[in-house]
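**Student:** Structure file model39.txt (compact mmCIF, C-alpha atoms) is given on the next line.
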# COMPACT_ATOMS: atom_id res chain seq x y z
CA MET A 1 43.55 93.27 114.86
CA LYS A 2 43.57 89.72 116.25
CA ILE A 3 45.62 86.83 114.91
CA ILE A 4 45.81 83.28 116.19
CA LEU A 5 49.35 81.93 116.03
CA TYR A 6 50.79 78.50 116.67
CA ALA A 7 54.49 79.22 117.20
CA LEU A 8 56.82 81.87 115.76
CA THR A 9 59.74 81.26 118.07
CA LEU A 10 62.14 84.08 117.22
CA SER A 11 65.82 84.34 118.00
CA PHE A 12 65.97 88.13 117.93
CA MET A 13 62.95 89.26 119.92
CA PHE A 14 60.62 88.64 122.84
CA SER A 15 62.98 90.20 125.35
CA VAL A 16 60.56 92.23 127.43
CA GLN A 17 61.76 95.81 127.25
CA ALA A 18 59.40 97.39 129.76
CA ALA A 19 61.45 96.82 132.91
CA ASN A 20 64.32 94.85 134.35
CA PHE A 21 62.50 92.17 136.33
CA ASP A 22 65.61 90.38 137.66
CA GLY A 23 63.58 87.29 138.51
CA GLN A 24 61.22 89.23 140.77
CA ILE A 25 58.05 88.08 139.02
CA PRO A 26 56.44 85.54 141.39
CA ASP A 27 55.28 82.16 140.20
CA TRP A 28 51.61 82.78 140.95
CA LYS A 29 50.76 79.09 140.51
CA LYS A 30 53.06 78.19 143.41
CA SER A 31 52.26 81.10 145.71
CA LYS A 32 48.47 81.00 145.92
CA GLU A 33 48.67 80.77 149.71
CA ASP A 34 49.81 84.41 149.54
CA VAL A 35 46.56 85.74 148.07
CA PHE A 36 46.80 89.29 146.75
CA SER A 37 43.24 90.24 147.67
CA SER A 38 41.49 93.47 146.68
CA GLY A 39 43.85 93.55 143.73
CA GLU A 40 42.41 96.53 141.85
CA THR A 41 42.19 98.71 144.96
CA ASN A 42 45.74 97.95 146.05
CA PHE A 43 47.15 98.32 142.54
CA LYS A 44 45.66 101.82 142.29
CA LEU A 45 47.02 102.67 145.74
CA VAL A 46 50.56 101.63 144.78
CA LEU A 47 50.34 103.50 141.49
CA LYS A 48 49.24 106.66 143.29
CA LYS A 49 52.04 106.35 145.87
CA LEU A 50 54.66 105.92 143.17
CA MET A 51 53.39 108.89 141.16
CA THR A 52 53.39 111.15 144.21
CA SER A 53 56.29 109.92 146.36
CA TYR A 54 58.75 107.87 144.27
CA LEU A 55 62.17 109.54 144.23
CA ASP A 56 62.65 109.67 140.45
CA LYS A 57 60.17 112.22 139.15
CA SER A 58 60.99 111.37 135.51
CA VAL A 59 59.06 108.08 135.74
CA THR A 60 55.74 108.57 133.98
CA GLU A 61 52.38 106.94 134.66
CA ASP A 62 52.39 105.40 131.15
CA GLU A 63 55.79 103.82 131.84
CA LEU A 64 54.40 102.21 134.99
CA TYR A 65 51.35 100.95 133.10
CA ARG A 66 53.65 99.48 130.45
CA ALA A 67 55.73 97.71 133.10
CA ALA A 68 52.59 96.43 134.81
CA THR A 69 51.18 95.06 131.54
CA ALA A 70 54.48 93.38 130.67
CA CYS A 71 54.71 91.86 134.17
CA MET A 72 51.15 90.54 133.99
CA LEU A 73 51.93 88.66 130.82
CA ALA A 74 55.41 87.51 131.89
CA ALA A 75 54.01 86.13 135.17
CA LEU A 76 51.98 83.63 133.11
CA ASN A 77 55.13 82.06 131.65
CA SER A 78 56.57 79.07 133.45
CA GLY A 79 60.17 80.26 133.20
CA LYS A 80 61.24 77.35 131.01
CA GLU A 81 63.72 78.05 128.22
CA HIS A 82 61.24 78.32 125.36
CA GLU A 83 58.18 79.54 127.23
CA ASP A 84 57.97 83.20 126.31
CA PHE A 85 54.43 82.65 125.02
CA ASN A 86 52.86 85.58 126.89
CA VAL A 87 54.51 88.91 126.21
CA LEU A 88 54.05 92.61 125.53
CA LEU A 89 55.44 93.64 122.14
CA SER A 90 56.66 97.15 121.40
CA PRO A 91 55.83 98.59 117.95
CA ARG A 92 59.31 97.62 116.69
CA MET A 93 59.00 94.11 118.11
CA LEU A 94 55.55 93.80 116.55
CA GLN A 95 56.94 94.86 113.17
CA ASP A 96 59.65 92.20 113.40
CA PHE A 97 57.07 89.66 114.50
CA MET A 98 54.89 90.31 111.45
CA ILE A 99 57.93 90.08 109.17
CA GLU A 100 58.74 86.72 110.71
CA LYS A 101 55.14 85.59 110.24
CA SER A 102 55.13 86.55 106.56
CA GLY A 103 58.51 84.88 106.04
CA LYS A 104 59.76 87.77 103.90
CA LEU A 105 61.52 91.08 104.26
CA THR A 106 63.39 93.53 102.07
CA GLY A 107 67.07 93.52 102.89
CA ILE A 108 70.30 91.68 102.11
CA GLY A 109 69.61 88.25 103.65
CA ALA A 110 72.26 88.12 106.37
CA THR A 111 71.50 87.11 109.96
CA LEU A 112 73.30 89.44 112.35
CA ALA A 113 74.27 89.24 116.01
CA PHE A 114 75.95 91.56 118.51
CA ASP A 115 79.46 90.62 119.65
CA ASP A 116 79.74 91.65 123.31
CA LYS A 117 83.55 91.47 123.35
CA LEU A 118 84.09 93.65 120.29
CA GLY A 119 81.01 95.81 120.70
CA LEU A 120 80.29 95.28 117.01
CA VAL A 121 77.77 93.45 114.84
CA HIS A 122 78.85 90.35 112.94
CA VAL A 123 77.30 87.92 110.47
CA ILE A 124 76.21 84.57 111.92
CA ASP A 125 74.47 83.22 108.80
CA VAL A 126 73.92 84.10 105.15
CA LEU A 127 70.62 82.94 103.68
CA PRO A 128 70.57 80.80 100.52
CA ASN A 129 70.10 82.71 97.23
CA SER A 130 70.26 86.03 99.09
CA PRO A 131 71.85 89.31 97.92
CA ALA A 132 74.41 88.93 100.72
CA LEU A 133 75.46 85.48 99.50
CA LYS A 134 75.70 86.66 95.88
CA ALA A 135 77.79 89.66 96.92
CA GLY A 136 80.26 87.45 98.81
CA LEU A 137 79.45 88.08 102.48
CA THR A 138 80.27 85.13 104.72
CA LYS A 139 79.74 83.94 108.28
CA ASP A 140 81.86 85.82 110.89
CA ASP A 141 82.28 88.98 108.77
CA ILE A 142 82.27 91.97 111.16
CA PHE A 143 80.46 95.14 110.12
CA LEU A 144 82.63 98.26 110.38
CA SER A 145 80.33 100.66 108.54
CA VAL A 146 76.98 100.74 106.68
CA ASN A 147 76.55 103.43 104.04
CA GLY A 148 79.45 105.32 105.59
CA GLU A 149 78.11 105.20 109.17
CA LYS A 150 80.54 103.63 111.61
CA MET A 151 79.21 100.72 113.66
CA LYS A 152 81.14 101.34 116.88
CA GLY A 153 78.65 102.15 119.63
CA LYS A 154 75.55 101.13 117.67
CA ASN A 155 73.27 98.37 118.89
CA LEU A 156 71.87 95.51 116.79
CA ALA A 157 68.52 97.16 116.14
CA GLU A 158 70.19 100.32 114.81
CA VAL A 159 72.39 98.31 112.44
CA VAL A 160 69.45 96.22 111.19
CA ALA A 161 67.49 99.44 110.50
CA LEU A 162 70.39 100.74 108.38
CA VAL A 163 70.68 97.51 106.40
CA ARG A 164 66.98 97.12 105.61
CA GLY A 165 65.23 99.36 103.12
CA PRO A 166 63.52 99.56 99.71
CA ALA A 167 64.26 96.86 97.17
CA GLY A 168 66.72 97.83 94.43
CA GLN A 169 68.69 100.28 96.54
CA THR A 170 72.35 99.50 97.24
CA VAL A 171 73.81 99.08 100.71
CA HIS A 172 77.51 99.93 100.94
CA LEU A 173 79.25 97.82 103.58
CA LYS A 174 82.76 97.81 104.99
CA VAL A 175 83.52 94.60 106.86
CA LEU A 176 86.44 93.07 108.69
CA ARG A 177 87.30 89.50 107.65
CA ASP A 178 90.21 88.03 109.55
CA ASP A 179 92.88 90.74 109.10
CA GLN A 180 91.40 92.28 105.92
CA ILE A 181 88.97 95.16 105.43
CA ILE A 182 86.66 94.45 102.49
CA LYS A 183 84.08 96.68 100.83
CA PHE A 184 80.78 95.35 99.45
CA ALA A 185 77.96 96.92 97.45
CA VAL A 186 74.83 94.82 98.06
CA ALA A 187 71.54 95.50 96.26
CA ARG A 188 68.56 95.03 98.58
CA ASP A 189 65.87 92.63 97.47
CA GLN A 190 62.98 90.68 98.90
CA VAL A 191 64.42 87.88 100.98
CA SER A 192 62.75 84.66 102.04
CA LEU A 193 63.51 84.14 105.71
CA ARG A 194 62.60 80.49 105.79
CA ALA A 195 64.19 77.81 103.71
CA PHE A 196 62.16 75.60 101.39
CA GLU A 197 63.57 72.85 99.24
CA ALA A 198 62.03 70.21 96.98
CA LYS A 199 64.20 67.76 95.07
CA GLN A 200 64.47 64.14 94.00
CA LEU A 201 67.23 62.26 95.82
CA ASN A 202 67.08 59.11 93.72
CA PRO A 203 64.64 57.48 91.26
CA SER A 204 62.31 56.33 94.05
CA THR A 205 62.72 59.00 96.76
CA ALA A 206 61.87 62.70 96.93
CA TYR A 207 62.90 65.21 99.59
CA LEU A 208 60.85 68.15 100.83
CA MET A 209 62.20 70.57 103.43
CA VAL A 210 59.90 73.13 105.06
CA GLY A 211 61.66 75.64 107.31
CA PHE A 212 58.58 77.53 108.55
CA PHE A 213 54.85 77.87 107.91
CA THR A 214 53.87 81.09 106.14
CA SER A 215 50.92 82.05 103.95
CA GLU A 216 52.75 80.58 100.94
CA THR A 217 53.77 77.24 102.45
CA SER A 218 50.80 75.06 101.52
CA GLU A 219 50.85 76.38 97.93
CA ARG A 220 54.57 75.66 97.58
CA VAL A 221 54.16 72.18 99.05
CA GLU A 222 51.20 71.47 96.77
CA ALA A 223 53.18 72.58 93.70
CA ALA A 224 56.08 70.34 94.71
CA LEU A 225 53.77 67.36 95.24
CA LYS A 226 52.23 67.86 91.80
CA GLU A 227 55.71 67.75 90.28
CA PHE A 228 56.60 64.67 92.32
CA SER A 229 53.42 62.96 91.10
CA GLN A 230 54.97 62.71 87.66
CA LYS A 231 57.84 60.65 89.06
CA GLY A 232 57.80 56.99 89.98
CA LEU A 233 58.20 57.61 93.71
CA SER A 234 57.79 55.13 96.52
CA LYS A 235 59.04 57.39 99.36
CA LEU A 236 58.85 61.06 100.37
CA ILE A 237 61.08 62.48 103.12
CA LEU A 238 59.60 65.58 104.80
CA ASP A 239 62.29 67.52 106.70
CA LEU A 240 60.90 69.62 109.58
CA ARG A 241 64.16 69.99 111.50
CA GLY A 242 64.72 73.52 112.76
CA ASN A 243 61.12 74.44 111.88
CA GLY A 244 59.93 76.63 114.76
CA GLY A 245 56.31 76.66 113.64
CA GLY A 246 54.21 79.36 112.01
CA THR A 247 50.51 80.06 111.76
CA PHE A 248 47.96 77.39 112.53
CA ASP A 249 45.99 77.66 109.27
CA ASP A 250 49.10 77.16 107.14
CA ALA A 251 50.10 74.02 109.03
CA VAL A 252 46.57 72.60 108.75
CA LYS A 253 46.40 73.33 105.00
CA THR A 254 49.77 71.62 104.53
CA ALA A 255 48.65 68.56 106.51
CA GLU A 256 45.44 68.34 104.45
CA LEU A 257 47.48 67.68 101.32
CA PHE A 258 48.65 64.36 102.76
CA LEU A 259 45.54 63.13 104.58
CA PRO A 260 42.35 61.44 103.30
CA LYS A 261 39.25 63.62 103.08
CA GLY A 262 37.40 63.74 106.41
CA THR A 263 40.46 62.79 108.48
CA THR A 264 40.92 64.91 111.61
CA VAL A 265 44.14 66.92 111.25
CA VAL A 266 44.18 68.43 114.74
CA GLN A 267 41.84 69.47 117.52
CA THR A 268 41.99 72.52 119.75
CA VAL A 269 40.79 72.89 123.34
CA SER A 270 39.85 76.32 124.65
CA ARG A 271 39.69 77.74 128.18
CA ASP A 272 36.12 76.51 128.68
CA GLY A 273 36.97 73.02 127.44
CA LYS A 274 35.36 73.46 124.04
CA VAL A 275 36.91 71.12 121.47
CA GLU A 276 37.13 72.13 117.81
CA ARG A 277 38.25 69.65 115.17
CA TYR A 278 39.85 70.51 111.83
CA GLU A 279 39.36 67.97 109.06
CA ALA A 280 41.04 67.40 105.70
CA LYS A 281 38.88 68.68 102.85
CA HIS A 282 40.52 66.98 99.88
CA GLU A 283 41.82 63.61 98.81
CA ALA A 284 45.29 62.66 100.02
CA TRP A 285 48.32 62.94 97.76
CA ARG A 286 49.59 59.52 96.64
CA PRO A 287 48.53 57.51 99.76
CA GLU A 288 50.65 54.58 98.58
CA VAL A 289 53.89 56.59 98.95
CA GLN A 290 55.83 55.92 102.17
CA LEU A 291 56.18 59.09 104.24
CA VAL A 292 59.16 59.77 106.54
CA VAL A 293 59.30 62.89 108.74
CA LEU A 294 62.61 64.28 110.08
CA THR A 295 62.46 66.18 113.40
CA ASP A 296 64.85 67.64 115.99
CA HIS A 297 64.69 69.57 119.25
CA GLU A 298 63.91 72.80 117.35
CA THR A 299 60.88 71.30 115.58
CA ALA A 300 58.08 73.19 117.36
CA SER A 301 54.40 74.07 117.47
CA SER A 302 52.89 74.01 113.96
CA ALA A 303 55.67 71.68 112.82
CA GLU A 304 54.81 69.37 115.72
CA LEU A 305 51.14 69.63 114.77
CA LEU A 306 52.00 68.45 111.26
CA THR A 307 54.23 65.66 112.58
CA GLY A 308 51.46 64.35 114.82
CA ALA A 309 48.86 64.59 112.05
CA LEU A 310 51.02 62.64 109.60
CA LYS A 311 51.95 60.04 112.21
CA GLU A 312 48.33 59.30 113.13
CA GLY A 313 46.60 60.01 109.82
CA ARG A 314 49.21 58.78 107.34
CA LYS A 315 51.24 56.30 109.47
CA ALA A 316 54.40 58.30 108.75
CA THR A 317 57.70 57.15 110.26
CA VAL A 318 59.35 59.86 112.37
CA VAL A 319 63.17 59.94 112.43
CA GLY A 320 65.53 62.21 114.38
CA LEU A 321 65.15 63.78 117.83
CA THR A 322 62.25 64.57 120.19
CA THR A 323 60.49 67.79 119.21
CA GLN A 324 60.42 70.94 121.36
CA GLY A 325 57.05 70.36 123.04
CA LYS A 326 55.06 73.52 122.30
CA TRP A 327 51.46 72.38 121.89
CA ASN A 328 49.57 75.57 122.63
CA ALA A 329 48.39 78.57 120.67
CA GLN A 330 48.64 82.31 121.17
CA SER A 331 46.44 85.20 120.21
CA LEU A 332 48.13 88.38 118.99
CA GLU A 333 46.12 91.58 119.53
CA THR A 334 47.26 95.08 118.67
CA LEU A 335 46.50 97.89 121.12
CA SER A 336 45.47 101.48 120.41
CA ASN A 337 49.02 102.69 121.19
CA LYS A 338 50.51 100.36 118.51
CA PHE A 339 51.88 97.94 121.08
CA ALA A 340 50.54 94.39 121.04
CA VAL A 341 49.91 91.58 123.51
CA LYS A 342 50.52 87.91 122.79
CA TYR A 343 48.91 85.41 125.15
CA THR A 344 47.93 81.74 125.20
CA VAL A 345 44.32 80.92 124.28
CA TYR A 346 44.27 77.26 123.18
CA LYS A 347 46.09 73.99 123.51
CA PHE A 348 46.08 71.64 120.56
CA GLU A 349 46.03 67.87 120.35
CA THR A 350 46.39 65.13 117.77
CA ALA A 351 43.28 63.55 116.29
CA SER A 352 43.36 60.91 119.04
CA GLY A 353 43.46 63.58 121.75
CA LYS A 354 47.18 63.44 122.61
CA SER A 355 49.14 66.53 123.62
CA PHE A 356 52.92 66.66 123.90
CA GLN A 357 53.14 70.02 125.65
CA GLY A 358 56.40 70.19 127.60
CA THR A 359 57.53 66.71 126.61
CA GLY A 360 57.75 66.81 122.82
CA PHE A 361 56.88 64.23 120.19
CA LYS A 362 59.27 61.28 120.34
CA PRO A 363 60.50 59.86 117.02
CA ASP A 364 60.11 56.22 116.01
CA ILE A 365 63.85 56.11 115.29
CA THR A 366 66.13 58.33 117.39
CA ILE A 367 69.19 59.59 115.51
CA ASP A 368 71.16 62.75 116.25
CA GLY A 369 72.29 64.92 113.36
CA PRO A 370 73.45 68.39 112.30
CA LYS A 371 71.76 71.35 113.97
CA GLY A 372 71.45 75.09 113.51
CA ALA A 373 74.14 76.58 111.27
CA ALA A 374 75.56 73.14 110.47
CA LEU A 375 72.18 72.01 109.18
CA GLY A 376 71.84 75.20 107.14
CA ALA A 377 75.28 74.65 105.65
CA LEU A 378 74.24 71.17 104.50
CA HIS A 379 71.21 72.66 102.75
CA ASN A 380 73.67 74.72 100.69
CA GLU A 381 75.85 71.68 99.87
CA SER A 382 75.70 71.10 96.11
CA ASP A 383 77.31 67.64 96.28
CA LEU A 384 74.27 65.46 97.08
CA SER A 385 76.25 62.35 98.04
CA LYS A 386 78.43 64.36 100.44
CA ARG A 387 75.35 65.98 101.94
CA ILE A 388 73.72 62.62 102.62
CA ASP A 389 76.91 61.17 104.13
CA LEU A 390 77.10 64.07 106.61
CA ASP A 391 73.41 63.90 107.56
CA ALA A 392 72.75 60.76 109.63
CA PRO A 393 68.96 61.20 109.98
CA LEU A 394 68.54 61.80 106.24
CA LYS A 395 70.74 58.79 105.48
CA ALA A 396 68.64 56.64 107.84
CA ALA A 397 65.42 57.85 106.23
CA LEU A 398 66.75 56.87 102.81
CA SER A 399 67.59 53.36 104.01
CA LEU A 400 64.14 52.66 105.48
CA GLU A 401 62.17 49.94 103.72
In structure tokens, what does this structure look like?

**Tutor:**
Amino acid sequence: MKIILYALTLSFMFSVQAANFDGQIPDWKKSKEDVFSSGETNFKLVLKKLMTSYLDKSVTEDELYRAATACMLAALNSGKEHEDFNVLLSPRMLQDFMIEKSGKLTGIGATLAFDDKLGLVHVIDVLPNSPALKAGLTKDDIFLSVNGEKMKGKNLAEVVALVRGPAGQTVHLKVLRDDQIIKFAVARDQVSLRAFEAKQLNPSTAYLMVGFFTSETSERVEAALKEFSQKGLSKLILDLRGNGGGTFDDAVKTAELFLPKGTTVVQTVSRDGKVERYEAKHEAWRPEVQLVVLTDHETASSAELLTGALKEGRKATVVGLTTQGKWNAQSLETLSNKFAVKYTVYKFETASGKSFQGTGFKPDITIDGPKGAALGALHNESDLSKRIDLDAPLKAALSLE
């Protein structure tokens, strides 16, 4: 199986589990004076020496091959904070990756993290409209047991495996909140991992927030635009803050909704320099409506693609912070042993041929605002006027003429 992906930056994976590299992977781009010639011959020699003479006899040949594959891919990364583009995925990591790509899973809708000091798992976020939120779980709740199994000594992956399961089944939780122990019975259900919101802020302005690009995104955006068409709008605010990307096709389909037929949405450049252009296939939605795009430092990849397409093809005004600067694409290929490799195959550019890899797309109006959990909390704020007052970029977008 081969999938082309344009982002999927995940907070809970992409830690290479094959070996502890401790910074020993050389930067091959900077050390080409030290040419490792006769690579295949010398690799086989080292492998043979390790299998016959290395002190620890428990190390298997497959484990060495796994470490070698992981190191090959990791050596292609630049070492920058977000550049984990090339990586070996274990079967469990691959499963999580595909869940993230689909934007859905069956569980309770709580984001968990491991607390190093306590050695326990705690809640760092509760998703909107999730079973966890409805049951009463809140941020900073500490898991003591799941279905009677104590959490002490378990790692994050083990706890997540206990919490997830078939829809309709009940998860019995015991949590510590401040100095109280509270019991919860939470019915699992299908949970949307990525937020999506469409609402009218005032008689002339609509708001559309897209948290990630999945197979359903373009359909949801199209449905929202059809509903907005019945209103007397003069402005649409598209919020892409915190959007880490998603698949390329979904971002292109979303961009097509806003751009005139025949307009170039994006172009890709392959290893051999081949350029492929993707054009809008339909008429643009309400071209007379002013479009404002909100971005921040976590706006990445496919979300940057959409920002660039709307800036050049729709003359959108971009408000917020400079985007992350991930303007390349990865291929995901599963292996016969159920592992997978993810590696960079394309870079992408705006219609005019601009790439913002490593630098990010700079907004027209720079305004800092809420980030991460604070931004998510605002999305759950029912008082619209309070929400706008606390969100400087949104407030600025509303005031634009």

**Student:** Can you measure CA of Ile181 in chain A to CA of Asn147 in chain A for me? One decimal in Å is fine.

**Tutor:**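 Going from CA of Ile181 in chain A over to CA of Asn147 in chain A, I get 15.0 Å.
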
**Student:** Can you find the residues with an atom no farther than 9 Å from (45.7, 59.8, 109.1), counting only C-alpha atoms, and report them as a ChimeraX atom specification?

**Tutor:** /A:258-260,263-265,309-316,351

**Student:** Find the residue from A:Gly320, A:Gly353, A:Pro203, A:Pro393 that sits nearest to Val266 in chain A; use all atoms listed in the file when measuring.

**Tutor:**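 Under the stated criterion, the closest residue is A:Gly353.
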
**Student:** How many Å separate CA of Ala113 in chain A from CA of Thr170 in chain A?

**Tutor:** 21.5 Å

**Student:** Have a look at A:Ala374, A:Lys274, A:Gly325, A:Lys183 and name the one nearest to Lys139 in chain A; count all atoms listed in the file.

**Tutor:** A:Ala374

**Student:** With only C-alpha atoms as the atoms that count, which of A:Leu208, A:Val146, A:Val126, A:Ala67 lies nearest to Glu158 in chain A?

**Tutor:**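 Using only C-alpha atoms, Glu158 in chain A sits closest to A:Val146.
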
**Student:** What are the closest atom pairs, with distances in Å to one decimal, for all residues of range 142-216 of chain A lying within 12 Å of range 85-100 of chain A? Consider all atoms listed in the file, order rows by chain and residue number, and present the result as a tab-separated table.

**Tutor:**
residue	atom	partner	partner_atom	distance
A:Ala157	CA	A:Arg92	CA	9.2
A:Glu158	CA	A:Arg92	CA	11.4
A:Val160	CA	A:Asp96	CA	10.8
A:Ala161	CA	A:Arg92	CA	10.4
A:Arg164	CA	A:Asp96	CA	11.8
A:Gln190	CA	A:Ile99	CA	11.5
A:Val191	CA	A:Ile99	CA	10.7
A:Ser192	CA	A:Glu100	CA	9.8
A:Leu193	CA	A:Glu100	CA	7.4
A:Arg194	CA	A:Glu100	CA	8.8
A:Gly211	CA	A:Glu100	CA	12.0
A:Phe212	CA	A:Glu100	CA	9.4
A:Phe213	CA	A:Glu100	CA	10.1
A:Thr214	CA	A:Glu100	CA	8.7
A:Ser215	CA	A:Glu100	CA	11.3

**Student:** Check the smallest atom-to-atom distance from each of A:Leu332, A:Gly148, A:Phe196, A:Val59 to Lys101 in chain A using only C-alpha atoms, then report the winner.

**Tutor:** A:Leu332

**Student:** Will you model N, CA and C atoms for range 235-255 of chain A and pass it back as a JSON list (two decimals), keeping the file's coordinate frame?

**Tutor:**
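Generated file (out.json):
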[["chain", "number", "residue", "atom", "x", "y", "z"],
["A", 235, "LYS", "N", 58.77, 56.80, 98.04],
["A", 235, "LYS", "CA", 59.04, 57.39, 99.36],
["A", 235, "LYS", "C", 59.19, 58.90, 99.25],
["A", 236, "LEU", "N", 58.65, 59.61, 100.26],
["A", 236, "LEU", "CA", 58.85, 61.06, 100.37],
["A", 236, "LEU", "C", 59.38, 61.35, 101.77],
["A", 237, "ILE", "N", 60.50, 62.07, 101.85],
["A", 237, "ILE", "CA", 61.08, 62.48, 103.12],
["A", 237, "ILE", "C", 60.73, 63.94, 103.36],
["A", 238, "LEU", "N", 60.00, 64.22, 104.44],
["A", 238, "LEU", "CA", 59.60, 65.58, 104.80],
["A", 238, "LEU", "C", 60.47, 66.04, 105.96],
["A", 239, "ASP", "N", 61.31, 67.03, 105.71],
["A", 239, "ASP", "CA", 62.29, 67.52, 106.70],
["A", 239, "ASP", "C", 61.72, 68.72, 107.44],
["A", 240, "LEU", "N", 61.42, 68.54, 108.74],
["A", 240, "LEU", "CA", 60.90, 69.62, 109.58],
["A", 240, "LEU", "C", 61.89, 70.01, 110.66],
["A", 241, "ARG", "N", 63.15, 69.63, 110.52],
["A", 241, "ARG", "CA", 64.16, 69.99, 111.50],
["A", 241, "ARG", "C", 64.41, 71.50, 111.48],
["A", 242, "GLY", "N", 64.49, 72.09, 112.66],
["A", 242, "GLY", "CA", 64.72, 73.52, 112.76],
["A", 242, "GLY", "C", 63.48, 74.35, 112.49],
["A", 243, "ASN", "N", 62.36, 73.72, 112.18],
["A", 243, "ASN", "CA", 61.12, 74.44, 111.88],
["A", 243, "ASN", "C", 60.45, 74.84, 113.20],
["A", 244, "GLY", "N", 60.48, 76.13, 113.51],
["A", 244, "GLY", "CA", 59.93, 76.63, 114.76],
["A", 244, "GLY", "C", 58.44, 76.83, 114.77],
["A", 245, "GLY", "N", 57.76, 76.56, 113.65],
["A", 245, "GLY", "CA", 56.31, 76.66, 113.64],
["A", 245, "GLY", "C", 55.78, 77.57, 112.57],
["A", 246, "GLY", "N", 54.90, 78.49, 112.96],
["A", 246, "GLY", "CA", 54.21, 79.36, 112.01],
["A", 246, "GLY", "C", 52.75, 79.42, 112.36],
["A", 247, "THR", "N", 51.92, 79.91, 111.45],
["A", 247, "THR", "CA", 50.51, 80.06, 111.76],
["A", 247, "THR", "C", 49.76, 78.74, 111.63],
["A", 248, "PHE", "N", 48.75, 78.61, 112.44],
["A", 248, "PHE", "CA", 47.96, 77.39, 112.53],
["A", 248, "PHE", "C", 47.34, 77.01, 111.19],
["A", 249, "ASP", "N", 46.69, 77.95, 110.53],
["A", 249, "ASP", "CA", 45.99, 77.66, 109.27],
["A", 249, "ASP", "C", 46.94, 77.09, 108.22],
["A", 250, "ASP", "N", 48.15, 77.62, 108.15],
["A", 250, "ASP", "CA", 49.10, 77.16, 107.14],
["A", 250, "ASP", "C", 49.55, 75.73, 107.41],
["A", 251, "ALA", "N", 49.71, 75.39, 108.68],
["A", 251, "ALA", "CA", 50.10, 74.02, 109.03],
["A", 251, "ALA", "C", 48.96, 73.05, 108.72],
["A", 252, "VAL", "N", 47.72, 73.45, 109.03],
["A", 252, "VAL", "CA", 46.57, 72.60, 108.75],
["A", 252, "VAL", "C", 46.41, 72.38, 107.24],
["A", 253, "LYS", "N", 46.53, 73.45, 106.46],
["A", 253, "LYS", "CA", 46.40, 73.33, 105.00],
["A", 253, "LYS", "C", 47.48, 72.41, 104.42],
["A", 254, "THR", "N", 48.69, 72.49, 104.99],
["A", 254, "THR", "CA", 49.77, 71.62, 104.53],
["A", 254, "THR", "C", 49.46, 70.16, 104.87],
["A", 255, "ALA", "N", 48.98, 69.93, 106.09],
["A", 255, "ALA", "CA", 48.65, 68.56, 106.51],
["A", 255, "ALA", "C", 47.53, 67.97, 105.64]]
